[in-house]
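Taking it in order: structure first as structure tokens, then the write-up.
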Amino acid sequence: MKNGKIQIGVIGCGGIANGKHFPALAKLSDQCELIAFCDLVPERAEKAKRDYGVPSAKVFTDYHDLLNVDEVDEVHVLTPNVSHCEITCAALNAGKHVMCEKPMAATPADARRMLDAYHKSGKLLTIGYQNRFRDDSLFLKRYCDEGNLGEIYFAKAYALRRRGVPTWGVFTDKSKQGGGPLIDIGTHSLDLALWCMDCYKPRTVLGASYEKLGRLLSPDNQGNGGGSWDNTTYDVEDSAFGYIVMENGASIFLQSSWALNIDDSRQAKITLCGTKAGSDMNDGLRINTVMQNSQTMILPKTDTYRPGQDLLGGFGIAADRESEAWLGALLGKNELVVKPEQAIVVTEILDAIYRSSAEKHAIDF
């Protein structure tokens with residue numbers, strides 16, 4: 001650290017960096033400085049330096065060069081999914097702490113490599129699941145931890161868009177992303193469900209993945225919120241669904257889509273059913289229970305999340321809290337909120353859904 005501030009290097013200066021991480025870190029200038037930027041497109045790294053870096057910040061196109069900067073304490077890995085493992089392991093091996101964007105990795109094997117590198121490094125590793133830091137999520141997590149829902153034995157995890165195919169970056173390129181909506185936004189919803197349930201031991205996964213609309217719909221009749229996508233190069237699923245049974249008997253129904261003919265889009269929302277009460281996020285956070293022999297709905301006031309703000313979900317204060325909690329963990333002020341041991345389970349379940357769909361049978365853990 002320099003002057004008591006964490007020295008940060010950023011690898012990947014694209015949409016997620018500018019939409020989420022840079023604005024959040026800029027509000028924490030009393031705790032950190034951005035001193036190095038790397039991107040395959042040099043103009044993006046240069047712009048990031050101008051907008052967010054210290055005057056002496058360095059710019060690179062090869063991430064190895066950034067990792068060789070001794071002053072860098074921590075690295076943000078904000079690159080396409082398939083590259084998460086390689087870059088994160090290299091950063092940990094170079095003695096850097098790592099904030100890696102979700103998902104942890106494109107495959108369980110890559111996630112295990114990251115976990116091994118983390119354990120050997122003595123450094124901290126976290127994954128960018130900012131939806132945990134929303135008001136409604138934080139309230140619900142505390143409510144569950146206090147036992148107010150009782151035994152949570154069934155959940156639904158929603159990541160559904162009617163027409164929300166991301167047309168920027170490499171989202172529709174399977175070779176770089178590893179998949180489509182399941183790995184992109186389904187990962188957030190599944191993480192929320194597992195976290196609130198505090199349940200991380202899957203037993204069986206049955207999945208179905210569909211490549212129907214992405215290649216079928218022509219650009220002049222897609223109705224996509226982010227503009228038309230190229231249906232000739234689209235090579236990921238446009239929807240995927242999974243039914244997960246945990247070792248303790250609890251089950252989760254995960255639904256994800258970028259393009260699906262539905263009239264009810266729900267993203268980064270969960271429904272939980274317990275023996276004492278239930279909850280959902282369908283119209284703000286709602287707790288359903290029975291009081292004095294009457295069915296009762298409790299409506300906690302949580303207002304930092306506005307569903308449908310944009311295709312990215314509207315980061316806002318959740319991203320600010322995520323960065324603050326991460327820097328706090330690095331400074332020893334608080335525990336790590338998103339642990340890699342939790343994130344690897346998300347990757348394993350998503351992979352099992354893809355495998356189950358391809359192999360046409362359930363996957364047993």
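In the structure tokens, chains take the letters A, B, ... in the order shown, each chain's residues start at 1, and ligands count up from 1 in the order shown.
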How close does each residue of segment 16-98 of chain A get to segment 327-337 of chain A, giving the shortest atom pair and distance in Å to one decimal for every residue with an atom at most 9 Å away, counting only C-alpha atoms, sorted by chain and residue number, as a Markdown table?
```
| residue | atom | partner | partner_atom | distance |
| --- | --- | --- | --- | --- |
| A:Leu28 | CA | A:Leu327 | CA | 8.9 |
| A:Gln31 | CA | A:Leu327 | CA | 7.5 |
| A:Cys32 | CA | A:Leu327 | CA | 8.0 |
| A:Glu74 | CA | A:Leu330 | CA | 8.9 |
| A:His97 | CA | A:Leu330 | CA | 8.1 |
```
Compile the contact shell of Ser257 of chain A as a PyMOL selection string: residues with an atom at most 12 Å away, counting only C-alpha atoms, same-chain residues fewer than 4 positions apart removed.
-> chain A and resi 157-166+179-187+189+208-214+236-242+261-262+264-268
DSSP-assigned strand (DSSP E or B) among segment 159-253 of chain A, expressed as a list in words | Ala159, Leu160, Arg163, Pro202, Arg203, Thr204, Val205, Leu206, Gly207, Ala208, Ser209, Tyr210, Ser239, Ala240, Phe241, Gly242, Tyr243, Ile244, Val245, Met246, Ser251, Ile252 and Phe253 of chain A
Between atom CA of Gly14 of chain A and atom CA of Gly128 of chain A, what is the spacing in Å?
-> 15.2 Å
Interface rows for segment 72-170 of chain A against segment 19-26 of chain A: nearest pair, Å to one decimal, 10 Å, only C-alpha atoms, as JSON lines:
```
{"residue": "A:His76", "atom": "CA", "partner": "A:His21", "partner_atom": "CA", "distance": 8.7}
{"residue": "A:Leu78", "atom": "CA", "partner": "A:His21", "partner_atom": "CA", "distance": 9.0}
{"residue": "A:Glu101", "atom": "CA", "partner": "A:His21", "partner_atom": "CA", "distance": 9.8}
{"residue": "A:Gly128", "atom": "CA", "partner": "A:His21", "partner_atom": "CA", "distance": 9.7}
{"residue": "A:Gln130", "atom": "CA", "partner": "A:Lys20", "partner_atom": "CA", "distance": 9.4}
```
Go ahead and dump the residues you just picked, all heavy atoms, as a JSON list (two decimals), in the first residue's frame.
```json
[["chain", "number", "residue", "atom", "x", "y", "z"],
["A", 76, "HIS", "N", -8.33, -6.19, -10.33],
["A", 76, "HIS", "CA", -9.70, -6.45, -10.78],
["A", 76, "HIS", "C", -9.62, -7.18, -12.12],
["A", 76, "HIS", "O", -9.06, -6.64, -13.08],
["A", 76, "HIS", "CB", -10.47, -5.14, -10.96],
["A", 76, "HIS", "CG", -11.14, -4.64, -9.72],
["A", 76, "HIS", "ND1", -10.49, -4.51, -8.51],
["A", 76, "HIS", "CD2", -12.43, -4.24, -9.49],
["A", 76, "HIS", "CE1", -11.34, -4.04, -7.60],
["A", 76, "HIS", "NE2", -12.52, -3.87, -8.17],
["A", 78, "LEU", "N", -11.72, -8.17, -15.08],
["A", 78, "LEU", "CA", -13.00, -7.77, -15.66],
["A", 78, "LEU", "C", -13.04, -8.13, -17.14],
["A", 78, "LEU", "O", -13.39, -7.32, -17.99],
["A", 78, "LEU", "CB", -13.22, -6.27, -15.46],
["A", 78, "LEU", "CG", -12.98, -5.74, -14.04],
["A", 78, "LEU", "CD1", -13.20, -4.24, -13.96],
["A", 78, "LEU", "CD2", -13.86, -6.46, -13.02],
["A", 101, "GLU", "N", -14.76, -10.72, -11.74],
["A", 101, "GLU", "CA", -16.18, -10.59, -12.05],
["A", 101, "GLU", "C", -16.83, -11.98, -12.14],
["A", 101, "GLU", "O", -16.17, -12.99, -12.36],
["A", 101, "GLU", "CB", -16.38, -9.84, -13.37],
["A", 101, "GLU", "CG", -16.97, -8.45, -13.20],
["A", 101, "GLU", "CD", -18.27, -8.43, -12.42],
["A", 101, "GLU", "OE1", -19.10, -9.35, -12.56],
["A", 101, "GLU", "OE2", -18.48, -7.48, -11.65],
["A", 128, "GLY", "N", -17.58, -11.15, -8.25],
["A", 128, "GLY", "CA", -18.45, -9.98, -8.33],
["A", 128, "GLY", "C", -19.94, -10.26, -8.37],
["A", 128, "GLY", "O", -20.59, -9.98, -9.39],
["A", 130, "GLN", "N", -22.69, -8.62, -7.07],
["A", 130, "GLN", "CA", -23.12, -7.40, -6.41],
["A", 130, "GLN", "C", -24.57, -7.43, -5.94],
["A", 130, "GLN", "O", -24.98, -6.65, -5.08],
["A", 130, "GLN", "CB", -22.91, -6.18, -7.31],
["A", 130, "GLN", "CG", -23.93, -5.97, -8.40],
["A", 130, "GLN", "CD", -23.68, -6.82, -9.63],
["A", 130, "GLN", "OE1", -22.62, -7.43, -9.76],
["A", 130, "GLN", "NE2", -24.64, -6.87, -10.54]]
```
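Closest to Tyr354 of chain A among A:Lys176, A:Val69, A:Val205, A:Leu149 is A:Val205, based on only C-alpha atoms.
Nearest-residue note for Thr271 of chain A: choosing from A:Gly225, A:Phe253, A:Lys156, A:His64, the minimum distance belongs to A:Lys156, counting only C-alpha atoms.
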What lies within 12 Å of Tyr143 of chain A using only C-alpha atoms, ignoring chain neighbours under 4 positions off, as number ranges by chain?
-> A: 136-139, 147-150, 152, 196-197, 272, 274, 276-279, 285-287, 300
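Among the candidates A:Val170, A:Ile298, A:Val345, A:Leu125, the one nearest to Asp198 of chain A when counting only C-alpha atoms is A:Val345.
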Residue set, segment 148-351 of chain A restricted to alpha helix (DSSP H), as a PyMOL selection string | chain A and resi 174-177+181+187-197+213-216+316-330+340-351
